[in-house]
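What follows is a short report on a single structure.
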Amino acid sequence: MARRKPLVVVTRKLPDTVETRMRELFDARLNVDDVPMDHAALVEAVRTADVLVPTVTDKIDSAVMSQAGENLRLIASFSNGVDHIDVASALARGITVTNTPGVLTEDTADMTMALILAVPRRLAEGAQIITSDPEEWNGWAPTWMLGRRIWGKRLGIVGMGRIGQAVARRAKAFGLQIHYHNRRHLPAATEEALEATYWDSLDQMLARMDIVSVNCPHTPATYHLLSARRLKLLKPDAYVVNTARGEVIDENALTRMLEAGEIAGAGLDVFEHEPAVNPKLVKLARQGKVVLLPHMGSATLEGRIDMGEKVIVNIKTFMDGHRPPDRVLPSML
Ligand code: DGY
């Protein structure tokens with residue numbers, strides 16, 4: 001007798017090619033209308049599914065996990081980050097968790113570089129001038145719209161994993177000096193290739209950087225890693241860029257410092273209380289002090305299809321009785 005196809009509940013709309021393949025392989029319950037699932041819908045999903053495919057907008061916390069049915073054996077997240085899932089609680093219930101690492105590295109690094117350029121060079125502000133009121137522009141002037149040069153400046157990367165290193169490769173080509181703080185020192189050959197300087201002390205690195213880029217995951221250990229105290233160590237003409245997770249920076253403290261002119265600017269693709277954005281940050285964006293993006297660091301069609309492919313491979317491998325390639329292990333948290 002043919003084996004029953006696993007019931008795979010997908011919480012959000014995925015690229016068409018990914019959904020088509022999922023329909024072929026699984027008993028896929030898709031969310032083609034893309035209405036985000038509320039708590040009750042997520043509870044219903046974990047009660048019935050063999051496999052849940054959530055993404056960063058779904059809060060799979062201990063309350064949801066506690067309702068998981070007998071059949072739920074795998075949470076194959078359509079995401080790199082897993083801070084929306086109570087992984088410890090899932091693992092304690094014998095539920096495997098996977099993610100989609102590697103395939104959004106280059107796209108996220110591109111967007112990080114875009115913010116590293118956009119903030120000091122006032123890109124969003126400039127683009128806005130032409131589109132909002134072309135009459136306002138009287139032409140080029142020697143002292144108008146001056147930003148800050150990035151060539152030769154010091155970039156401090158907080159979190160030198162795959163994405164941090166991809167940012168470093170790009171930044172080096174733009175003439176930035178690469179500095180980094182990480183849980184582990186990079187192998188000497190990698191450090192040499194990137195001409196990167198390791199700082200064991202995050203405090204000391206922050207105090208000396210012109211631009212700081214946050215590229216570490218959000219875990220209990222990195223929550224508010226850039227705390228109010230640490231932000232105060234930054235030079236007043238420093239810029240902060242964050243394409244990782246809002247929770248890594250104390251956003252209220254950062255906002256206060258931007259308002260007070262104690263830091264030059266920020267480029268943020270992620271927010272502490274996403275999708276809510278602090279109205280004070282929006283005001284600062286209108287004043288040209290910050291560039292805000294709606295969490296689109298990895299938003300390329302190619303990247304999303306690759307993520308879907310990873311999810312499918314993780315489910316298929318697991319269902320075939322093997323270890324899925326992208327298991328989330330307690331040591332990663
Ligand atoms: C992820 O997958 O964790 C990213 O934040 C999506 O951009």
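Residues are named by chain letter and number: chains run A, B, ... in the order of the structure tokens, numbers start at 1 in each chain, and ligands are numbered from 1 in the order shown.
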
Per residue of chain A within 7 Å of ligand 1, note the shortest atom pair and the distance in Å to one decimal, counting only C-alpha atoms and all ligand atoms, and order the rows by chain and increasing residue number, as a tab-separated table.
residue	atom	partner	partner_atom_place_in_ligand_line	distance
A:Val56	CA	ligand 1	3 (O)	6.2
A:Phe78	CA	ligand 1	2 (O)	6.7
A:Ser79	CA	ligand 1	2 (O)	3.3
A:Asn80	CA	ligand 1	2 (O)	3.7
A:Gly81	CA	ligand 1	3 (O)	3.6
A:Val82	CA	ligand 1	3 (O)	6.8
A:Ala244	CA	ligand 1	5 (O)	6.6
A:His295	CA	ligand 1	7 (O)	6.2
A:Met296	CA	ligand 1	7 (O)	6.0
A:Gly297	CA	ligand 1	7 (O)	5.5
A:Ser298	CA	ligand 1	7 (O)	4.5
A:Ala299	CA	ligand 1	7 (O)	6.5

Give me every strand (DSSP E) residue in range 19-240 of chain A, going by DSSP on the backbone, as an NGL selection string. :A and (27-29 or 51-53 or 74-76 or 96-98 or 154-158 or 177-181 or 196-198 or 211-214 or 239-240)

Would you put the residues from that selection into a file with N, CA, C and O atoms, as a tab-separated table (two decimals), in the first residue's frame?
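For reference, part-v6.tsv as written:
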chain	number	residue	atom	x	y	z
A	27	ASP	N	1.12	16.36	0.77
A	27	ASP	CA	-0.27	16.82	0.94
A	27	ASP	C	-0.13	18.24	1.50
A	27	ASP	O	-0.11	18.45	2.71
A	28	ALA	N	0.08	19.17	0.56
A	28	ALA	CA	0.47	20.53	0.98
A	28	ALA	C	-0.75	21.41	1.22
A	28	ALA	O	-1.60	21.55	0.35
A	29	ARG	N	-0.83	21.97	2.41
A	29	ARG	CA	-1.89	22.93	2.71
A	29	ARG	C	-1.25	24.32	2.63
A	29	ARG	O	-0.50	24.72	3.51
A	51	VAL	N	4.19	18.20	9.19
A	51	VAL	CA	5.30	19.15	9.03
A	51	VAL	C	4.72	20.55	8.99
A	51	VAL	O	3.74	20.81	8.28
A	52	LEU	N	5.33	21.46	9.75
A	52	LEU	CA	4.91	22.86	9.70
A	52	LEU	C	6.01	23.63	8.98
A	52	LEU	O	7.20	23.47	9.28
A	53	VAL	N	5.60	24.48	8.04
A	53	VAL	CA	6.57	25.36	7.35
A	53	VAL	C	6.22	26.81	7.71
A	53	VAL	O	5.44	27.46	7.02
A	74	LEU	N	8.32	17.63	12.38
A	74	LEU	CA	9.32	18.52	11.77
A	74	LEU	C	8.76	19.93	11.61
A	74	LEU	O	7.63	20.11	11.15
A	75	ILE	N	9.57	20.92	12.01
A	75	ILE	CA	9.27	22.31	11.69
A	75	ILE	C	10.37	22.74	10.71
A	75	ILE	O	11.54	22.87	11.10
A	76	ALA	N	9.98	22.87	9.44
A	76	ALA	CA	10.96	23.22	8.39
A	76	ALA	C	10.76	24.70	8.07
A	76	ALA	O	9.96	25.05	7.19
A	96	THR	N	12.01	17.92	15.18
A	96	THR	CA	13.21	18.44	14.51
A	96	THR	C	12.89	19.82	13.93
A	96	THR	O	11.78	20.06	13.46
A	97	VAL	N	13.87	20.71	14.00
A	97	VAL	CA	13.70	22.05	13.41
A	97	VAL	C	14.80	22.25	12.37
A	97	VAL	O	15.96	21.94	12.61
A	98	THR	N	14.40	22.76	11.19
A	98	THR	CA	15.40	23.10	10.17
A	98	THR	C	15.19	24.54	9.71
A	98	THR	O	14.11	25.11	9.89
A	154	ARG	N	36.68	52.97	8.79
A	154	ARG	CA	36.71	51.68	9.49
A	154	ARG	C	35.30	51.11	9.64
A	154	ARG	O	34.43	51.77	10.20
A	155	LEU	N	35.14	49.88	9.16
A	155	LEU	CA	33.85	49.19	9.31
A	155	LEU	C	34.00	48.12	10.38
A	155	LEU	O	34.86	47.25	10.26
A	156	GLY	N	33.16	48.16	11.40
A	156	GLY	CA	33.16	47.14	12.44
A	156	GLY	C	31.98	46.21	12.25
A	156	GLY	O	30.83	46.64	12.33
A	157	ILE	N	32.27	44.95	11.97
A	157	ILE	CA	31.19	43.97	11.72
A	157	ILE	C	30.94	43.18	12.99
A	157	ILE	O	31.86	42.56	13.54
A	158	VAL	N	29.71	43.22	13.46
A	158	VAL	CA	29.35	42.49	14.69
A	158	VAL	C	28.70	41.18	14.24
A	158	VAL	O	27.56	41.17	13.78
A	177	GLN	N	38.23	49.63	5.77
A	177	GLN	CA	39.09	48.75	6.58
A	177	GLN	C	38.18	47.86	7.41
A	177	GLN	O	37.29	48.37	8.09
A	178	ILE	N	38.45	46.58	7.37
A	178	ILE	CA	37.54	45.61	8.00
A	178	ILE	C	37.98	45.26	9.42
A	178	ILE	O	39.10	44.82	9.64
A	179	HIS	N	37.04	45.45	10.36
A	179	HIS	CA	37.25	45.04	11.75
A	179	HIS	C	36.05	44.17	12.12
A	179	HIS	O	34.98	44.34	11.56
A	180	TYR	N	36.25	43.25	13.06
A	180	TYR	CA	35.10	42.43	13.42
A	180	TYR	C	35.17	41.94	14.85
A	180	TYR	O	36.25	41.81	15.44
A	181	HIS	N	33.96	41.70	15.38
A	181	HIS	CA	33.83	41.04	16.68
A	181	HIS	C	32.95	39.82	16.45
A	181	HIS	O	31.94	39.90	15.75
A	196	ALA	N	41.21	41.49	7.72
A	196	ALA	CA	40.30	41.84	8.81
A	196	ALA	C	41.00	41.81	10.17
A	196	ALA	O	41.84	40.95	10.42
A	197	THR	N	40.66	42.76	11.01
A	197	THR	CA	41.22	42.83	12.36
A	197	THR	C	40.18	42.35	13.37
A	197	THR	O	39.05	42.84	13.38
A	198	TYR	N	40.58	41.38	14.18
A	198	TYR	CA	39.65	40.82	15.18
A	198	TYR	C	39.71	41.61	16.48
A	198	TYR	O	40.80	41.94	16.97
A	211	ILE	N	31.75	53.03	10.92
A	211	ILE	CA	30.47	52.40	10.57
A	211	ILE	C	30.42	51.06	11.29
A	211	ILE	O	31.42	50.34	11.32
A	212	VAL	N	29.27	50.75	11.87
A	212	VAL	CA	29.10	49.45	12.55
A	212	VAL	C	27.97	48.71	11.84
A	212	VAL	O	26.89	49.27	11.63
A	213	SER	N	28.23	47.47	11.46
A	213	SER	CA	27.19	46.68	10.79
A	213	SER	C	26.85	45.46	11.66
A	213	SER	O	27.74	44.71	12.06
A	214	VAL	N	25.57	45.31	11.95
A	214	VAL	CA	25.13	44.18	12.78
A	214	VAL	C	24.77	43.01	11.86
A	214	VAL	O	23.88	43.13	11.01
A	239	TYR	N	28.12	55.66	12.09
A	239	TYR	CA	26.85	55.21	11.52
A	239	TYR	C	26.62	53.76	11.95
A	239	TYR	O	27.58	52.99	12.08
A	240	VAL	N	25.34	53.39	12.12
A	240	VAL	CA	25.00	52.00	12.47
A	240	VAL	C	24.10	51.43	11.38
A	240	VAL	O	23.15	52.11	10.95

Val8 in chain A: which residues within 12 Å, counting only C-alpha atoms, same-chain residues fewer than 3 positions away excluded, as an MDAnalysis selection string? chainID A and resid 4:5 11 19 22:31 45:54 71:77 311:312 315:316 319

For the selection just defined, write its residues with N, CA and C atoms to a file, as an mmCIF file, in the first residue's frame.
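The result, stored in again03.cif:
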data_model
loop_
_atom_site.group_PDB
_atom_site.id
_atom_site.type_symbol
_atom_site.label_atom_id
_atom_site.label_comp_id
_atom_site.auth_asym_id
_atom_site.auth_seq_id
_atom_site.Cartn_x
_atom_site.Cartn_y
_atom_site.Cartn_z
ATOM 1 N N ARG A 4 1.111 7.231 2.889
ATOM 2 C CA ARG A 4 0.378 8.497 2.872
ATOM 3 C C ARG A 4 1.374 9.645 2.730
ATOM 4 N N LYS A 5 1.014 10.618 1.906
ATOM 5 C CA LYS A 5 1.888 11.788 1.773
ATOM 6 C C LYS A 5 1.808 12.608 3.050
ATOM 7 N N THR A 11 2.659 28.371 6.168
ATOM 8 C CA THR A 11 1.929 29.503 6.773
ATOM 9 C C THR A 11 1.780 30.724 5.867
ATOM 10 N N GLU A 19 5.594 26.257 -4.548
ATOM 11 C CA GLU A 19 4.276 25.699 -4.180
ATOM 12 C C GLU A 19 3.909 24.537 -5.098
ATOM 13 N N MET A 22 5.757 21.541 -4.028
ATOM 14 C CA MET A 22 5.229 21.040 -2.753
ATOM 15 C C MET A 22 3.930 20.264 -2.968
ATOM 16 N N ARG A 23 3.107 20.771 -3.891
ATOM 17 C CA ARG A 23 1.848 20.062 -4.203
ATOM 18 C C ARG A 23 2.131 18.681 -4.764
ATOM 19 N N GLU A 24 3.193 18.590 -5.587
ATOM 20 C CA GLU A 24 3.526 17.290 -6.194
ATOM 21 C C GLU A 24 4.015 16.292 -5.140
ATOM 22 N N LEU A 25 4.797 16.790 -4.209
ATOM 23 C CA LEU A 25 5.472 15.881 -3.274
ATOM 24 C C LEU A 25 4.679 15.566 -2.013
ATOM 25 N N PHE A 26 3.926 16.558 -1.560
ATOM 26 C CA PHE A 26 3.295 16.443 -0.243
ATOM 27 C C PHE A 26 1.789 16.676 -0.321
ATOM 28 N N ASP A 27 1.117 16.361 0.772
ATOM 29 C CA ASP A 27 -0.267 16.816 0.937
ATOM 30 C C ASP A 27 -0.135 18.238 1.496
ATOM 31 N N ALA A 28 0.083 19.172 0.563
ATOM 32 C CA ALA A 28 0.466 20.530 0.983
ATOM 33 C C ALA A 28 -0.754 21.407 1.224
ATOM 34 N N ARG A 29 -0.827 21.967 2.412
ATOM 35 C CA ARG A 29 -1.892 22.933 2.706
ATOM 36 C C ARG A 29 -1.255 24.316 2.625
ATOM 37 N N LEU A 30 -1.528 25.005 1.510
ATOM 38 C CA LEU A 30 -0.836 26.266 1.222
ATOM 39 C C LEU A 30 -1.688 27.458 1.655
ATOM 40 N N ASN A 31 -1.032 28.596 1.751
ATOM 41 C CA ASN A 31 -1.746 29.823 2.130
ATOM 42 C C ASN A 31 -1.666 30.784 0.946
ATOM 43 N N ALA A 45 -2.698 24.534 13.183
ATOM 44 C CA ALA A 45 -1.691 23.974 12.261
ATOM 45 C C ALA A 45 -0.805 22.965 12.983
ATOM 46 N N VAL A 46 -0.301 23.302 14.168
ATOM 47 C CA VAL A 46 0.606 22.354 14.852
ATOM 48 C C VAL A 46 -0.142 21.130 15.381
ATOM 49 N N ARG A 47 -1.440 21.284 15.596
ATOM 50 C CA ARG A 47 -2.240 20.138 16.067
ATOM 51 C C ARG A 47 -2.411 19.093 14.982
ATOM 52 N N THR A 48 -2.520 19.578 13.731
ATOM 53 C CA THR A 48 -2.888 18.645 12.655
ATOM 54 C C THR A 48 -1.735 18.222 11.744
ATOM 55 N N ALA A 49 -0.728 19.110 11.597
ATOM 56 C CA ALA A 49 0.286 18.872 10.564
ATOM 57 C C ALA A 49 1.272 17.768 10.936
ATOM 58 N N ASP A 50 1.854 17.150 9.881
ATOM 59 C CA ASP A 50 3.035 16.305 10.086
ATOM 60 C C ASP A 50 4.270 17.200 10.056
ATOM 61 N N VAL A 51 4.190 18.203 9.188
ATOM 62 C CA VAL A 51 5.303 19.149 9.033
ATOM 63 C C VAL A 51 4.716 20.554 8.994
ATOM 64 N N LEU A 52 5.326 21.455 9.750
ATOM 65 C CA LEU A 52 4.913 22.859 9.697
ATOM 66 C C LEU A 52 6.010 23.634 8.978
ATOM 67 N N VAL A 53 5.604 24.481 8.044
ATOM 68 C CA VAL A 53 6.567 25.363 7.355
ATOM 69 C C VAL A 53 6.219 26.811 7.714
ATOM 70 N N PRO A 54 6.770 27.297 8.833
ATOM 71 C CA PRO A 54 6.495 28.683 9.204
ATOM 72 C C PRO A 54 7.553 29.602 8.606
ATOM 73 N N ASN A 71 1.415 13.999 15.522
ATOM 74 C CA ASN A 71 1.990 13.819 14.184
ATOM 75 C C ASN A 71 3.115 14.790 13.864
ATOM 76 N N LEU A 72 3.140 15.910 14.577
ATOM 77 C CA LEU A 72 4.122 16.937 14.208
ATOM 78 C C LEU A 72 5.536 16.475 14.559
ATOM 79 N N ARG A 73 6.337 16.219 13.531
ATOM 80 C CA ARG A 73 7.698 15.716 13.754
ATOM 81 C C ARG A 73 8.755 16.687 13.261
ATOM 82 N N LEU A 74 8.323 17.628 12.376
ATOM 83 C CA LEU A 74 9.316 18.523 11.771
ATOM 84 C C LEU A 74 8.756 19.926 11.609
ATOM 85 N N ILE A 75 9.568 20.918 12.012
ATOM 86 C CA ILE A 75 9.266 22.315 11.691
ATOM 87 C C ILE A 75 10.366 22.738 10.714
ATOM 88 N N ALA A 76 9.981 22.874 9.441
ATOM 89 C CA ALA A 76 10.956 23.221 8.392
ATOM 90 C C ALA A 76 10.756 24.698 8.065
ATOM 91 N N SER A 77 11.468 25.532 8.783
ATOM 92 C CA SER A 77 11.213 26.969 8.648
ATOM 93 C C SER A 77 11.729 27.516 7.320
ATOM 94 N N VAL A 311 13.782 24.129 1.894
ATOM 95 C CA VAL A 311 12.698 23.616 2.743
ATOM 96 C C VAL A 311 12.258 22.244 2.230
ATOM 97 N N ILE A 312 12.093 22.141 0.905
ATOM 98 C CA ILE A 312 11.635 20.873 0.310
ATOM 99 C C ILE A 312 12.661 19.759 0.575
ATOM 100 N N ILE A 315 12.450 18.630 4.149
ATOM 101 C CA ILE A 315 11.270 17.788 4.434
ATOM 102 C C ILE A 315 11.458 16.398 3.814
ATOM 103 N N LYS A 316 11.870 16.387 2.575
ATOM 104 C CA LYS A 316 11.998 15.117 1.831
ATOM 105 C C LYS A 316 13.021 14.194 2.520
ATOM 106 N N MET A 319 11.575 12.886 5.716
ATOM 107 C CA MET A 319 10.520 11.899 5.487
ATOM 108 C C MET A 319 11.093 10.574 4.973
#

Mind pulling up the distance from CA of Thr243 in chain A to CA of Leu268 in chain A? 6.4 Å

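Relative to CA of Ala109 in chain A, CA of Pro324 in chain A is found at 26.0 Å.
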
Please identify all polymer residues within 7 Å of range 101-105 of chain A, counting only C-alpha atoms, omitting same-chain residues fewer than 3 positions from it, and present them as JSON, numbers by chain. {"A": [80, 108, 109, 162, 163, 166, 298, 303, 306, 307]}

Write out the residues from the selection above, keeping N, CA and C atoms, as a tab-separated table (two decimals), in the first residue's frame.
chain	number	residue	atom	x	y	z
A	80	ASN	N	16.17	31.91	7.48
A	80	ASN	CA	17.51	31.68	7.99
A	80	ASN	C	17.46	31.76	9.52
A	108	THR	N	21.60	39.35	1.24
A	108	THR	CA	21.58	40.15	2.47
A	108	THR	C	22.83	41.03	2.56
A	109	ALA	N	23.96	40.48	2.12
A	109	ALA	CA	25.20	41.28	2.14
A	109	ALA	C	25.09	42.45	1.16
A	162	ARG	N	28.62	33.72	7.92
A	162	ARG	CA	28.55	33.77	6.45
A	162	ARG	C	28.22	35.17	5.93
A	163	ILE	N	27.18	35.79	6.52
A	163	ILE	CA	26.75	37.10	6.00
A	163	ILE	C	27.79	38.18	6.34
A	166	ALA	N	30.54	37.96	3.93
A	166	ALA	CA	30.14	38.44	2.59
A	166	ALA	C	30.09	39.97	2.56
A	298	SER	N	16.82	40.06	2.17
A	298	SER	CA	16.98	38.83	1.37
A	298	SER	C	15.92	38.73	0.28
A	303	GLY	N	16.51	34.20	-4.40
A	303	GLY	CA	16.74	33.80	-3.00
A	303	GLY	C	15.55	33.06	-2.42
A	306	ASP	N	15.36	29.60	-3.84
A	306	ASP	CA	16.39	28.76	-3.21
A	306	ASP	C	15.98	28.36	-1.79
A	307	MET	N	15.36	29.30	-1.08
A	307	MET	CA	14.90	28.98	0.28
A	307	MET	C	13.84	27.87	0.23

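Distance check against Gly159 in chain A using only C-alpha atoms: of A:Val248, A:Ala141, A:Leu233, A:Val290, the minimum falls on A:Val248.
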
Among listed residues A:Met160, A:Val64, A:Ala90, A:Ala118, nearest Leu293 in chain A (using only C-alpha atoms): A:Ala118
